[in-house]
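Take a look at the structure below.
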Amino acid sequence: QVQLVESGGGLVQAGGSLRLSCTASGSTFSINAMGWYRQAPGKQRELVALISSGGTTNYADSVTGRFTISRDNAKNTVYLQMNSLKPEDTAVYYCNAKGYSGYSYWGQGTQVTVSS
């Protein structure tokens with residue numbers, strides 16, 4: 001089992017920045033990729049960014065150039081630096097860890113609200 005704890009959400013004005021953190025505990029040796037998803041009211045959960053154990057990253061087109069995902073394997077922590085935030089970035093952001101077995105673990109979510 002893997003437990004994920006997120007932090008760093010909040011309220012920010014458009015154009016501002018936030019940094020999300022997610023720390024994994026438990027069977028962290030089983031984790032391959034880690035990433036962030038988000039879900040806005042009335043919408044489906046969508047991928048924001050992924051980072052593999054080797055550091056390869058993937059981003060949604062909507063956040064490319066504004067968001068940066070990084071990972072500290074020694075601390076079992078993944079970060080999402082969000083710059084130039086827009087009101088449409090408002091959502092609950094979820095941390096995800098994908099095991100080598102294919103199983104996915106989810107954090108409890110953290111609210112990000114961007115005011116115009």
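Letters for chains follow the order of the structure tokens (A, B, ...), residue numbers begin at 1 for each chain, and ligand numbers begin at 1 in the order shown.
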Item to check | Close residues, A:Cys22 itself excluded, 10 Å, only C-alpha atoms, min 4 positions apart in chain, as a ChimeraX atom specification | outcome: /A:3-8,34-36,71,76-80,94-97,107,109
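Residues surrounding A:Gln13 within 10 Å are Ser84, Leu85, Lys86, Pro87, Thr113, Val114, Ser115 and Ser116 of chain A [only C-alpha atoms; sequence separation below 5 positions excluded].
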Item to check | Distance query A:Asp89 at most 12 Å, only C-alpha atoms, self and fewer than 4 positions along chain excluded, as number ranges by chain | outcome: A: 9-18, 37-41, 46, 48, 60, 62-63, 66-67, 82-85, 93, 111-116
Write the residues you've just listed into a file as a short mmCIF file (atom, residue, chain, number, x, y, z; two decimals), in the first residue's frame, and include N, CA, C and O atoms for each of them.
data_model
loop_
_atom_site.label_atom_id
_atom_site.label_comp_id
_atom_site.auth_asym_id
_atom_site.auth_seq_id
_atom_site.Cartn_x
_atom_site.Cartn_y
_atom_site.Cartn_z
N GLY A 9 -2.23 23.78 -1.85
CA GLY A 9 -3.31 24.44 -2.57
C GLY A 9 -3.71 25.74 -1.89
O GLY A 9 -3.20 26.08 -0.82
N GLY A 10 -4.62 26.46 -2.52
CA GLY A 10 -5.09 27.71 -1.94
C GLY A 10 -5.73 28.61 -2.95
O GLY A 10 -6.07 28.19 -4.06
N LEU A 11 -5.89 29.87 -2.53
CA LEU A 11 -6.52 30.89 -3.38
C LEU A 11 -5.43 31.84 -3.87
O LEU A 11 -4.61 32.33 -3.07
N VAL A 12 -5.44 32.12 -5.16
CA VAL A 12 -4.45 33.01 -5.75
C VAL A 12 -5.11 33.82 -6.86
O VAL A 12 -6.08 33.35 -7.48
N GLN A 13 -4.58 35.00 -7.10
CA GLN A 13 -5.10 35.80 -8.20
C GLN A 13 -4.53 35.33 -9.53
O GLN A 13 -3.44 34.73 -9.58
N ALA A 14 -5.26 35.61 -10.59
CA ALA A 14 -4.78 35.26 -11.92
C ALA A 14 -3.40 35.88 -12.15
O ALA A 14 -3.15 37.03 -11.78
N GLY A 15 -2.53 35.07 -12.75
CA GLY A 15 -1.15 35.49 -12.97
C GLY A 15 -0.21 35.10 -11.87
O GLY A 15 1.02 35.21 -12.02
N GLY A 16 -0.76 34.65 -10.76
CA GLY A 16 0.05 34.26 -9.62
C GLY A 16 0.59 32.85 -9.73
O GLY A 16 0.43 32.18 -10.75
N SER A 17 1.24 32.41 -8.65
CA SER A 17 1.89 31.10 -8.63
C SER A 17 1.51 30.33 -7.36
O SER A 17 1.23 30.94 -6.32
N LEU A 18 1.55 29.03 -7.48
CA LEU A 18 1.40 28.12 -6.35
C LEU A 18 2.30 26.93 -6.58
O LEU A 18 2.60 26.57 -7.73
N TYR A 37 -3.31 15.18 -11.36
CA TYR A 37 -4.54 15.28 -12.13
C TYR A 37 -5.37 16.38 -11.49
O TYR A 37 -5.12 16.78 -10.35
N ARG A 38 -6.37 16.86 -12.22
CA ARG A 38 -7.28 17.85 -11.64
C ARG A 38 -8.70 17.59 -12.11
O ARG A 38 -8.92 17.03 -13.17
N GLN A 39 -9.63 18.06 -11.29
CA GLN A 39 -11.04 17.92 -11.62
C GLN A 39 -11.76 19.19 -11.23
O GLN A 39 -11.80 19.56 -10.05
N ALA A 40 -12.32 19.84 -12.24
CA ALA A 40 -13.12 21.05 -12.02
C ALA A 40 -14.58 20.64 -11.85
O ALA A 40 -14.99 19.57 -12.31
N PRO A 41 -15.38 21.48 -11.22
CA PRO A 41 -16.80 21.15 -11.03
C PRO A 41 -17.49 20.84 -12.34
O PRO A 41 -17.37 21.60 -13.31
N GLU A 46 -8.78 15.13 -15.22
CA GLU A 46 -7.88 15.16 -16.36
C GLU A 46 -6.43 15.18 -15.90
O GLU A 46 -6.10 15.70 -14.83
N VAL A 48 -2.75 16.44 -15.63
CA VAL A 48 -2.04 17.71 -15.68
C VAL A 48 -0.59 17.46 -16.06
O VAL A 48 -0.08 18.04 -17.02
N ALA A 60 -0.11 18.21 -19.94
CA ALA A 60 -1.28 18.55 -20.72
C ALA A 60 -0.96 19.80 -21.53
O ALA A 60 -0.21 20.69 -21.07
N SER A 62 -2.68 22.31 -22.08
CA SER A 62 -3.19 23.53 -21.45
C SER A 62 -2.25 24.11 -20.40
O SER A 62 -2.39 25.27 -20.02
N VAL A 63 -1.29 23.32 -19.92
CA VAL A 63 -0.39 23.81 -18.86
C VAL A 63 1.06 23.88 -19.31
O VAL A 63 1.92 24.39 -18.58
N ARG A 66 3.73 26.65 -18.46
CA ARG A 66 3.34 27.36 -17.23
C ARG A 66 3.58 26.52 -15.99
O ARG A 66 3.91 27.05 -14.93
N PHE A 67 3.40 25.22 -16.10
CA PHE A 67 3.56 24.31 -14.96
C PHE A 67 4.82 23.47 -15.13
O PHE A 67 5.19 23.12 -16.25
N MET A 82 3.25 25.84 -10.30
CA MET A 82 2.25 26.39 -11.21
C MET A 82 2.43 27.90 -11.29
O MET A 82 2.28 28.60 -10.28
N ASN A 83 2.79 28.38 -12.46
CA ASN A 83 2.98 29.80 -12.70
C ASN A 83 1.95 30.32 -13.69
O ASN A 83 1.31 29.55 -14.40
N SER A 84 1.80 31.63 -13.73
CA SER A 84 0.86 32.27 -14.66
C SER A 84 -0.51 31.61 -14.60
O SER A 84 -1.11 31.28 -15.62
N LEU A 85 -0.99 31.44 -13.39
CA LEU A 85 -2.26 30.74 -13.20
C LEU A 85 -3.42 31.51 -13.81
O LEU A 85 -3.44 32.75 -13.82
N TYR A 93 -6.93 19.39 -7.21
CA TYR A 93 -5.76 18.73 -7.77
C TYR A 93 -5.44 17.48 -6.97
O TYR A 93 -5.35 17.53 -5.73
N GLN A 111 -7.51 21.82 -3.04
CA GLN A 111 -8.24 22.80 -3.84
C GLN A 111 -7.31 23.92 -4.29
O GLN A 111 -6.57 24.49 -3.48
N VAL A 112 -7.38 24.23 -5.57
CA VAL A 112 -6.70 25.40 -6.13
C VAL A 112 -7.77 26.29 -6.74
O VAL A 112 -8.54 25.85 -7.59
N THR A 113 -7.81 27.54 -6.28
CA THR A 113 -8.78 28.49 -6.78
C THR A 113 -8.04 29.72 -7.30
O THR A 113 -7.25 30.32 -6.57
N VAL A 114 -8.31 30.05 -8.55
CA VAL A 114 -7.67 31.21 -9.18
C VAL A 114 -8.74 32.25 -9.47
O VAL A 114 -9.67 31.99 -10.23
N SER A 115 -8.61 33.40 -8.85
CA SER A 115 -9.60 34.46 -9.03
C SER A 115 -9.17 35.38 -10.18
O SER A 115 -7.99 35.60 -10.41
N SER A 116 -10.18 35.91 -10.86
CA SER A 116 -9.89 36.80 -12.01
C SER A 116 -9.78 38.23 -11.58
O SER A 116 -10.07 38.61 -10.46
#
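Atom pair atom CA of A:Tyr105 / atom CA of A:Val2 has a distance of 6.6 Å (rounded to one decimal).
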Checklist entry - chain A: which residues are strand (DSSP E or B) by DSSP, as a ChimeraX atom specification? => result /A:2-7,10-13,18-26,31-39,46-51,57-59,67-72,77-82,91-99,104-106,110-115
Next on the checklist: Counting only C-alpha atoms, which residue out of A:Thr68, A:Ser52, A:Ser30, A:Asn73 sits closest to A:Tyr100?
Outcome noted: A:Ser30
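Straight-line separation from atom CA of A:Ser53 to atom CA of A:Ala91: 26.1 Å.
Between atom CA of A:Ser70 and atom CA of A:Gly55 the separation is 7.7 Å.
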Checklist outcome for this item: The residue from A:Glu88, A:Gly102, A:Gln1, A:Arg45 with the smallest atom-to-atom distance to A:Gly26, counting only C-alpha atoms, is A:Gln1
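The closest residue to A:Gly42, picked from A:Thr64, A:Val92, A:Ala24, A:Lys98 and counting only C-alpha atoms, is A:Val92.
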